[in-house]
$ cat query-v2.tsv   # TSV, C-alpha atoms
chain	number	residue	atom	x	y	z
A	188	MET	CA	103.39	84.86	98.35
A	189	SER	CA	101.77	84.95	94.93
A	190	ALA	CA	102.27	87.75	92.42
A	191	PRO	CA	99.36	90.19	92.19
A	192	SER	CA	97.24	90.21	89.04
A	193	ALA	CA	97.57	93.02	86.51
A	194	TYR	CA	95.22	95.97	86.70
A	195	LYS	CA	92.26	95.72	84.34
A	196	GLN	CA	90.99	99.25	84.97
A	197	SER	CA	92.41	102.53	86.07
A	198	ALA	CA	91.18	104.40	89.10
A	199	ALA	CA	91.66	107.86	90.49
A	200	VAL	CA	91.26	108.86	94.10
A	201	PRO	CA	90.08	112.44	94.47
A	202	LEU	CA	92.01	114.42	97.04
A	203	PRO	CA	90.17	116.56	99.58
A	204	SER	CA	90.43	120.32	99.22
A	205	ASP	CA	93.29	122.13	100.98
A	206	GLY	CA	90.79	123.54	103.47
A	207	ASP	CA	89.50	120.07	104.33
A	208	VAL	CA	93.04	118.72	104.70
A	209	ARG	CA	94.05	121.65	106.93
A	210	ALA	CA	90.98	121.04	109.12
A	211	VAL	CA	92.16	117.46	109.74
A	212	ILE	CA	95.95	117.87	109.89
A	213	GLY	CA	96.00	121.27	111.56
A	214	GLU	CA	98.16	124.34	111.21
A	215	ASP	CA	101.26	122.28	110.33
A	216	TYR	CA	99.70	121.45	106.96
A	217	ASP	CA	101.77	122.75	104.02
A	218	PRO	CA	100.09	122.08	100.64
A	219	GLY	CA	103.44	122.30	98.84
A	220	THR	CA	105.23	119.63	100.86
A	221	THR	CA	102.48	117.30	102.12
A	222	LEU	CA	102.43	114.03	100.19
A	223	ASN	CA	99.27	113.16	98.26
A	224	VAL	CA	98.90	109.95	100.25
A	225	ILE	CA	98.66	112.01	103.46
A	226	LYS	CA	96.12	114.29	101.79
A	227	MET	CA	94.16	111.19	100.77
A	228	PHE	CA	94.31	109.88	104.36
A	229	ALA	CA	92.96	113.23	105.56
A	230	GLY	CA	89.84	112.55	103.48
A	231	THR	CA	89.05	109.42	105.50
A	232	GLY	CA	87.43	111.29	108.36
A	233	GLU	CA	87.66	109.49	111.69
A	234	PHE	CA	90.10	106.92	110.25
A	235	TYR	CA	92.82	109.57	109.84
A	236	PRO	CA	94.26	109.30	113.38
A	237	ALA	CA	94.52	105.51	113.06
A	238	LEU	CA	96.14	105.71	109.62
A	239	ALA	CA	98.58	108.39	110.75
A	240	GLY	CA	99.41	106.29	113.81
A	241	MET	CA	100.08	103.24	111.64
A	242	VAL	CA	102.43	105.23	109.40
A	243	ARG	CA	104.25	106.61	112.45
A	244	ALA	CA	104.53	103.11	113.94
A	245	ILE	CA	105.99	101.62	110.76
A	246	PHE	CA	108.21	104.49	109.60
A	247	GLY	CA	108.94	106.39	112.80
A	248	THR	CA	110.15	103.73	115.17
A	249	PRO	CA	113.76	102.59	115.48
A	250	ASP	CA	112.52	99.06	116.30
A	251	ILE	CA	111.50	98.45	112.67
A	252	ASN	CA	114.44	98.51	110.27
A	253	ASP	CA	114.36	99.14	106.51
A	254	ARG	CA	114.14	95.46	105.65
A	255	HIS	CA	111.15	94.95	107.95
A	256	ARG	CA	109.43	98.03	106.49
A	257	GLU	CA	109.90	96.67	102.99
A	258	MET	CA	108.47	93.29	104.02
A	259	ILE	CA	105.45	95.01	105.60
A	260	ILE	CA	104.84	96.92	102.35
A	261	LEU	CA	105.34	93.87	100.12
A	262	ARG	CA	103.16	91.62	102.29
A	263	SER	CA	100.42	94.24	102.34
A	264	ALA	CA	100.69	94.64	98.55
A	265	SER	CA	100.36	90.89	98.11
A	266	ILE	CA	97.37	90.56	100.45
A	267	LEU	CA	95.62	93.57	98.90
A	268	ASP	CA	96.54	92.55	95.32
A	269	VAL	CA	98.46	95.75	94.52
A	270	PRO	CA	100.66	94.95	91.51
A	271	LEU	CA	102.23	98.41	91.17
A	272	GLU	CA	103.84	98.36	94.61
A	273	THR	CA	105.01	94.77	94.21
A	274	THR	CA	106.41	95.36	90.72
A	275	ASP	CA	108.19	98.54	91.83
A	276	LYS	CA	109.83	96.83	94.80
A	277	ILE	CA	110.59	93.36	93.44
A	278	GLY	CA	110.76	94.06	89.71
A	279	SER	CA	113.58	96.55	90.09
A	280	ARG	CA	115.75	93.79	91.57
A	281	THR	CA	114.65	90.67	89.76
A	282	GLY	CA	113.11	91.90	86.53
A	283	PRO	CA	109.40	92.05	85.69
A	284	LEU	CA	107.05	89.71	87.48
A	285	ALA	CA	105.57	87.00	85.29
$ encode --input "query-v2.tsv" --output "structure tokens"
Amino acid sequence: MSAPSAYKQSAAVPLPSDGDVRAVIGEDYDPGTTLNVIKMFAGTGEFYPALAGMVRAIFGTPDINDRHREMIILRSASILDVPLETTDKIGSRTGPLA
């Protein structure tokens, strides 16, 4: 697994409005406690159920332990070239990635 390349540009992902998020998530939506990543997923339209299902499958099942979850995240970061996630996970244990 190769180390991701450094970011050359910054990017911002606009979050949907609270009304749009509530329309997707439903009445359980609490703007004060809902993570921004879930709000961002809510802005994906018809992909939201699949994304929410993937998160539940990875983080909500007893069949996947913490080590497996971490490997899923690191492998995804490597494939998608996401240096922040890889540096946060590996760099904290081994020092900065070269």
$ residues_near_point --input "query-v2.tsv" --point "(94.2, 116.1, 103.1)" --cutoff "6 Å" --atoms "all atoms listed in the file" --output "list in words"
Pro203, Val208, Lys226, Met227, Ala229 and Gly230 of chain A
$ atom_distance --input "query-v2.tsv" --atom1 "atom CA of Asn223 of chain A" --atom2 "atom CA of Asp253 of chain A"
22.2 Å
$ closest_residue --input "query-v2.tsv" --among "A:Ala193, A:Ala198, A:Val211, A:Ala264" --to "Phe228 of chain A" --atoms "all atoms listed in the file"
A:Val211
$ atom_distance --input "query-v2.tsv" --atom1 "atom CA of Asp268 of chain A" --atom2 "atom CA of Thr221 of chain A"
26.3 Å
